[in-house]
$ cat my_file.txt   # compact mmCIF, C-alpha atoms
# COMPACT_ATOMS: atom_id res chain seq x y z
CA MET A 344 100.17 25.48 146.21
CA SER A 345 99.30 23.89 142.86
CA TYR A 346 101.71 21.66 141.02
CA ARG A 347 101.83 24.14 138.10
CA LYS A 348 102.96 27.06 140.24
CA LYS A 349 105.46 24.96 142.11
CA HIS A 350 107.09 23.08 139.26
CA ILE A 351 106.14 24.45 135.83
CA ALA A 352 106.06 28.28 136.30
CA PRO A 353 109.74 28.58 137.38
CA LYS A 354 110.80 26.53 134.37
CA ILE A 355 108.82 28.76 131.98
CA LYS A 356 110.29 31.88 133.56
CA GLY A 357 113.76 30.47 133.10
CA LEU A 358 113.14 29.98 129.38
CA ARG A 359 112.39 33.70 128.79
CA ARG A 360 115.20 35.70 127.08
CA LYS A 361 117.01 38.05 129.43
CA ARG A 362 117.43 41.62 128.18
CA ARG A 363 121.02 42.75 127.79
CA PHE A 364 122.22 45.86 129.68
CA PHE A 365 122.07 48.12 126.61
CA GLN A 366 118.41 47.17 126.12
CA LYS A 367 117.46 48.61 129.49
CA PRO A 368 116.01 52.19 129.63
CA LEU A 369 118.32 53.07 132.52
CA PHE A 370 121.36 52.47 130.33
CA TRP A 371 120.12 54.85 127.66
CA LEU A 372 119.24 57.50 130.22
CA PHE A 373 122.76 57.28 131.64
CA LEU A 374 124.28 57.36 128.16
CA LEU A 375 122.26 60.45 127.16
CA PHE A 376 123.25 62.18 130.40
CA ALA A 377 126.96 61.39 129.85
CA MET A 378 126.77 62.62 126.26
CA GLY A 379 125.09 65.85 127.42
CA VAL A 380 127.81 66.44 130.01
CA GLY A 381 130.46 65.79 127.37
CA VAL A 382 128.91 68.26 124.93
CA VAL A 383 128.63 70.97 127.60
CA PHE A 384 132.21 70.29 128.69
CA TYR A 385 133.41 70.61 125.09
CA LEU A 386 131.47 73.81 124.49
CA LEU A 387 132.73 75.42 127.68
CA PHE A 388 136.39 74.54 127.29
CA PHE A 389 137.33 73.54 123.74
CA PHE A 390 134.76 74.85 121.24
CA PRO A 391 136.93 76.58 118.58
CA LEU A 392 134.70 79.62 118.12
CA THR A 393 134.93 80.59 121.81
CA GLN A 394 138.70 80.27 122.13
CA VAL A 395 140.19 83.72 122.77
CA SER A 396 142.09 84.85 119.70
CA ARG A 397 142.45 88.60 120.32
CA VAL A 398 143.26 90.89 123.24
CA GLU A 399 142.54 94.56 122.57
CA ILE A 400 144.05 97.34 124.70
CA LEU A 401 142.56 100.84 124.89
CA GLY A 402 143.45 103.96 126.86
CA ASN A 403 147.10 103.24 127.58
CA GLU A 404 149.60 106.05 127.04
CA LYS A 405 152.82 105.16 128.85
CA VAL A 406 152.40 101.44 129.45
CA GLN A 407 153.11 99.39 126.33
CA ALA A 408 150.09 97.51 124.97
CA PHE A 409 152.39 94.55 124.26
CA ASP A 410 153.28 94.23 127.97
CA ILE A 411 149.65 94.40 129.07
CA GLU A 412 148.63 91.85 126.44
CA ASN A 413 151.34 89.39 127.47
CA LEU A 414 150.23 89.65 131.09
CA ALA A 415 146.61 89.06 130.11
CA TRP A 416 147.50 85.90 128.16
CA THR A 417 148.95 84.34 131.30
CA ARG A 418 145.42 84.39 132.72
CA ILE A 419 143.73 83.33 129.48
CA ASN A 420 145.89 80.26 128.71
CA LYS A 421 144.73 77.43 130.97
CA LYS A 422 144.84 73.66 131.27
CA ILE A 423 142.22 71.13 132.28
CA LEU A 424 142.84 67.39 132.52
CA GLY A 425 146.20 68.04 130.89
CA PHE A 426 144.71 69.76 127.82
CA SER A 427 145.33 73.43 127.02
CA HIS A 428 142.45 75.77 126.27
CA LYS A 429 141.74 79.51 125.95
CA SER A 430 138.01 79.49 126.54
CA ILE A 431 136.56 82.98 126.85
CA PHE A 432 134.13 81.65 129.46
CA TRP A 433 136.95 80.77 131.85
CA ALA A 434 139.10 83.87 131.39
CA SER A 435 138.75 85.74 134.69
CA GLY A 436 138.33 89.45 134.04
CA GLU A 437 138.78 90.19 137.73
CA LYS A 438 142.13 88.40 137.90
CA ILE A 439 143.37 89.99 134.68
CA SER A 440 142.48 93.44 136.03
CA SER A 441 144.11 92.73 139.39
CA ASP A 442 147.33 91.48 137.75
CA ILE A 443 147.61 94.58 135.59
CA THR A 444 147.14 97.06 138.45
CA ASP A 445 149.53 95.07 140.66
CA VAL A 446 152.33 94.93 138.09
CA PHE A 447 151.98 98.37 136.54
CA GLY A 448 151.85 101.01 139.27
CA ILE A 449 150.97 103.71 136.76
CA VAL A 450 147.68 101.94 135.92
CA GLU A 451 144.87 103.17 138.14
CA THR A 452 142.15 100.90 136.76
CA ALA A 453 141.94 98.14 134.16
CA SER A 454 138.41 97.35 133.02
CA VAL A 455 138.09 93.95 131.32
CA GLN A 456 135.21 93.09 128.98
CA LYS A 457 134.48 89.88 127.10
CA LYS A 458 133.32 90.43 123.53
CA LEU A 459 131.89 87.14 122.34
CA PRO A 460 132.87 84.98 120.74
CA ASP A 461 136.67 85.38 120.97
CA THR A 462 137.88 88.84 122.09
CA ILE A 463 139.02 90.28 125.42
CA LEU A 464 138.87 94.09 125.61
CA ILE A 465 140.94 95.85 128.29
CA LYS A 466 140.37 99.56 128.96
CA ILE A 467 143.26 101.19 130.79
CA LYS A 468 143.10 104.32 132.92
CA GLU A 469 146.55 105.60 133.85
CA ARG A 470 147.31 107.72 136.89
CA LYS A 471 147.74 111.45 136.36
CA PRO A 472 150.61 113.30 138.08
CA TYR A 473 149.48 115.70 140.77
CA ALA A 474 152.56 116.35 142.88
CA ILE A 475 156.05 115.00 143.49
CA PHE A 476 156.73 112.76 146.46
CA CYS A 477 160.32 112.67 147.69
CA ALA A 478 161.36 109.59 149.63
CA SER A 479 164.34 109.32 151.96
CA SER A 480 165.77 106.35 150.06
CA ILE A 481 165.41 105.02 146.54
CA GLU A 482 166.96 101.61 147.18
CA ASP A 483 163.90 99.94 148.70
CA LEU A 484 161.73 101.33 145.94
CA LYS A 485 164.12 99.94 143.32
CA SER A 486 164.14 96.51 144.89
CA GLN A 487 160.40 96.02 144.48
CA ALA A 488 159.41 98.21 141.56
CA ASN A 489 158.76 97.23 137.99
CA PRO A 490 162.26 97.45 136.44
CA ASP A 491 160.79 99.03 133.31
CA LEU A 492 159.93 102.10 135.39
CA LEU A 493 163.34 102.53 137.00
CA GLN A 494 166.71 103.21 135.48
CA GLU A 495 169.88 102.28 137.28
CA ASN A 496 171.62 105.52 136.34
CA ASN A 497 168.85 107.67 137.80
CA THR A 498 169.88 109.06 141.21
CA SER A 499 166.64 110.90 141.90
CA ASN A 500 164.56 109.81 144.86
CA CYS A 501 161.41 111.66 143.84
CA PHE A 502 158.30 110.11 142.33
CA TRP A 503 155.08 111.21 140.75
CA LEU A 504 152.14 111.20 143.14
CA ASP A 505 148.49 111.17 142.07
CA LYS A 506 145.50 112.66 143.88
CA THR A 507 144.77 109.39 145.65
CA GLY A 508 148.21 109.35 147.32
CA VAL A 509 149.81 106.66 145.12
CA ILE A 510 153.40 106.92 143.86
CA PHE A 511 153.69 105.39 140.42
CA GLU A 512 156.67 106.63 138.42
CA LEU A 513 160.02 108.37 138.77
CA ALA A 514 159.67 112.14 138.45
CA ASP A 515 161.49 113.36 135.36
CA GLY A 516 162.73 116.71 134.16
CA SER A 517 159.25 117.84 133.16
CA SER A 518 158.19 118.47 136.76
CA GLU A 519 158.13 122.27 136.42
CA GLY A 520 155.02 123.77 138.00
CA SER A 521 154.50 120.88 140.40
CA PHE A 522 154.98 120.98 144.15
CA ILE A 523 156.84 118.59 146.43
CA VAL A 524 155.25 116.46 149.14
CA ARG A 525 157.38 115.06 151.97
CA GLN A 526 156.30 112.80 154.79
CA ASN A 527 158.20 112.42 158.06
CA ASN A 528 158.89 108.91 159.41
CA GLN A 529 158.26 107.37 156.02
CA SER A 530 158.67 103.59 155.97
CA ASN A 531 161.54 102.29 153.83
CA GLN A 532 159.25 99.50 152.60
CA ALA A 533 157.56 101.80 150.09
CA TYR A 534 157.06 100.54 146.53
CA LEU A 535 155.68 101.92 143.29
CA GLY A 536 151.91 101.59 143.18
CA GLN A 537 151.61 101.98 146.95
CA HIS A 538 149.22 104.36 148.69
CA ILE A 539 152.09 106.25 150.26
CA ILE A 540 149.82 108.97 151.73
CA GLY A 541 146.40 108.38 153.26
CA GLN A 542 143.35 109.51 151.35
CA THR A 543 142.18 111.87 154.11
CA THR A 544 145.54 113.66 154.06
CA MET A 545 145.54 113.82 150.26
CA ASP A 546 142.02 115.25 150.26
CA ALA A 547 143.22 117.97 152.64
CA ILE A 548 146.22 118.80 150.42
CA VAL A 549 144.04 118.99 147.30
CA ALA A 550 141.49 121.22 149.04
CA ILE A 551 144.16 123.62 150.36
CA GLN A 552 146.05 123.82 147.07
CA LYS A 553 142.87 124.39 145.05
CA ASN A 554 141.58 127.02 147.48
CA LEU A 555 144.82 129.03 147.43
CA GLN A 556 145.07 128.87 143.65
CA ASP A 557 141.43 129.57 142.81
CA ASN A 558 140.70 132.25 145.40
CA PHE A 559 144.03 134.05 145.72
CA GLN A 560 146.14 132.89 142.75
CA ILE A 561 148.75 131.65 145.20
CA GLY A 562 150.73 128.59 144.16
CA ILE A 563 152.46 126.22 146.56
CA THR A 564 155.97 124.79 146.39
CA SER A 565 155.91 122.09 149.05
CA VAL A 566 153.86 120.24 151.63
CA ASP A 567 155.43 118.62 154.70
CA ILE A 568 153.41 115.98 156.52
CA SER A 569 153.97 115.15 160.17
CA ASP A 570 151.60 115.75 163.06
CA LEU A 571 150.87 118.97 161.22
CA LEU A 572 150.39 119.75 157.56
CA ILE A 573 152.83 122.52 156.62
CA VAL A 574 152.16 124.19 153.29
CA THR A 575 154.84 126.46 151.82
CA THR A 576 153.64 128.92 149.18
CA LYS A 577 155.48 130.40 146.21
CA GLU A 578 155.41 133.67 148.12
CA ARG A 579 157.67 131.95 150.68
CA TRP A 580 155.34 132.00 153.65
CA ARG A 581 153.97 128.93 155.39
CA THR A 582 150.60 127.96 156.73
CA TYR A 583 150.14 125.28 159.40
CA PHE A 584 147.15 122.92 159.51
CA ASP A 585 146.15 120.31 162.08
CA LEU A 586 145.16 117.05 160.40
CA GLY A 587 143.30 116.00 163.54
CA GLN A 588 140.83 118.86 163.19
CA ASP A 589 138.33 120.02 160.57
CA ILE A 590 140.46 121.03 157.57
CA GLN A 591 137.64 122.91 155.90
CA LEU A 592 137.15 125.06 159.00
CA GLN A 593 140.87 125.85 159.01
CA ILE A 594 140.71 126.78 155.31
CA THR A 595 137.82 129.11 156.10
CA LYS A 596 139.87 130.81 158.82
CA MET A 597 142.77 131.22 156.41
CA ASN A 598 140.46 132.73 153.77
CA ILE A 599 139.12 135.28 156.22
CA LEU A 600 142.65 136.34 157.12
CA LEU A 601 143.79 136.60 153.49
CA LYS A 602 140.69 138.56 152.49
CA ASP A 603 140.28 140.91 155.45
CA GLN A 604 143.61 141.29 157.22
CA ILE A 605 146.52 140.09 155.12
CA THR A 606 146.59 142.18 151.96
CA PRO A 607 148.72 141.31 148.91
CA THR A 608 151.15 143.99 150.05
CA THR A 609 151.31 142.53 153.58
CA ARG A 610 151.93 139.08 152.15
CA LYS A 611 155.31 140.24 150.84
CA ASN A 612 156.60 140.20 154.42
CA LEU A 613 154.42 137.38 155.72
CA GLN A 614 156.28 134.49 157.40
CA TYR A 615 153.57 132.11 158.60
CA ILE A 616 149.91 131.55 159.41
CA TYR A 617 149.05 129.25 162.32
CA LEU A 618 145.66 127.61 161.90
CA GLN A 619 146.09 124.56 164.12
CA TYR A 620 144.70 126.23 167.24
CA LYS A 621 140.99 125.72 167.71
CA ASP A 622 138.88 128.85 167.09
CA ARG A 623 142.02 130.95 166.66
CA ALA A 624 144.49 131.87 163.98
CA TYR A 625 147.82 133.67 164.19
CA TYR A 626 150.09 135.16 161.58
CA LYS A 627 153.34 137.03 161.42

$ encode --input "my_file.txt" --output "structure tokens"
Amino acid sequence: MSYRKKHIAPKIKGLRRKRRFFQKPLFWLFLLFAMGVGVVFYLLFFFPLTQVSRVEILGNEKVQAFDIENLAWTRINKKILGFSHKSIFWASGEKISSDITDVFGIVETASVQKKLPDTILIKIKERKPYAIFCASSIEDLKSQANPDLLQENNTSNCFWLDKTGVIFELADGSSEGSFIVRQNNQSNQAYLGQHIIGQTTMDAIVAIQKNLQDNFQIGITSVDISDLLIVTTKERWRTYFDLGQDIQLQITKMNILLKDQITPTTRKNLQYIYLQYKDRAYYK
């Protein structure tokens, strides 16, 4: 090794100016990356133009818009790193919808849309009364229901039922023309907004009621649900269906009897029609 390389070169290298950290390209790359993350973070959480300022409610009839709006704000107002924000990007439409349907039993669906830059639109679809469900006890329903839907001085134990089998509101004095649905062995843990009757059973009730009304102009006054489905008509006779068998086939058998054998005059003295026996039907 030459003398120059061994003794002079290291000394020359030591005399060169060392670049400071902020003069290195890596520093500037890191700084640009951090600034980019900061800008995105600001835009997503704190940018003023995308902070929710309005909640619009459409479609509600019985539920107060004010109550729905207040519930929605609980999901819109958030905190991150100790700072509050109302960013429209982080308002969960799914959670807002779920909260509304959970709290307000009368609400069937709540569709949530984000209208940029700062508006949340909530479209409400309320349940429509179909029949009246009468429970054995009101106390358990009162203990879990929305207090706005129940009044302490109301002694009724009957509730509006929609076509999906959900009870959602106390039945009031305007129930004329409706029919009553009762279910044996009903659990005392029922609550407003619950699917109190299974969908298959409700579909059977709807099909029977519609068939009697449309084809024979016969209304019904009550439906009792147990192992059998017992439908009482306004003409005071009953028809018995087996929920474990094809309901449509049993309706067909009933139609044949009412068209060919049981005339309107005969119906005046009719007591019952038994349809629960396979391939057979009896009446008296």

$ closest_residue --input "my_file.txt" --among "A:Lys421, A:Arg579, A:Lys611, A:Arg623" --to "A:Met597" --atoms "only C-alpha atoms"
A:Arg623

$ residues_around --input "my_file.txt" --residues "A:Met545" --least-positions-apart "3" --cutoff "7 Å" --atoms "only C-alpha atoms" --output "ChimeraX atom specification"
/A:506-508,540-542,548-549

$ residues_around --input "my_file.txt" --residues "A:Thr417" --least-positions-apart "5" --cutoff "12 Å" --atoms "all atoms listed in the file" --output "PyMOL selection string"
chain A and resi 398+410-412+422+428-429+434-435+438-439+442-443

$ atom_distance --input "my_file.txt" --atom1 "atom CA of A:Ser569" --atom2 "atom CA of A:Gln526"
6.3 Å

$ residues_around --input "my_file.txt" --residues "A:Gln560" --least-positions-apart "6" --cutoff "12 Å" --atoms "only C-alpha atoms" --output "list in words"
Gln552, Lys553, Asn554, Thr576, Lys577, Glu578, Leu601 and Pro607 of chain A

$ closest_residue --input "my_file.txt" --among "A:Ser440, A:Thr595, A:Gln588, A:Ser521" --to "A:Gly562" --atoms "only C-alpha atoms"
A:Ser521

$ atom_distance --input "my_file.txt" --atom1 "atom CA of A:Arg525" --atom2 "atom CA of A:Ile539"
10.4 Å

$ atom_distance --input "my_file.txt" --atom1 "atom CA of A:Leu535" --atom2 "atom CA of A:Gly448"
5.6 Å
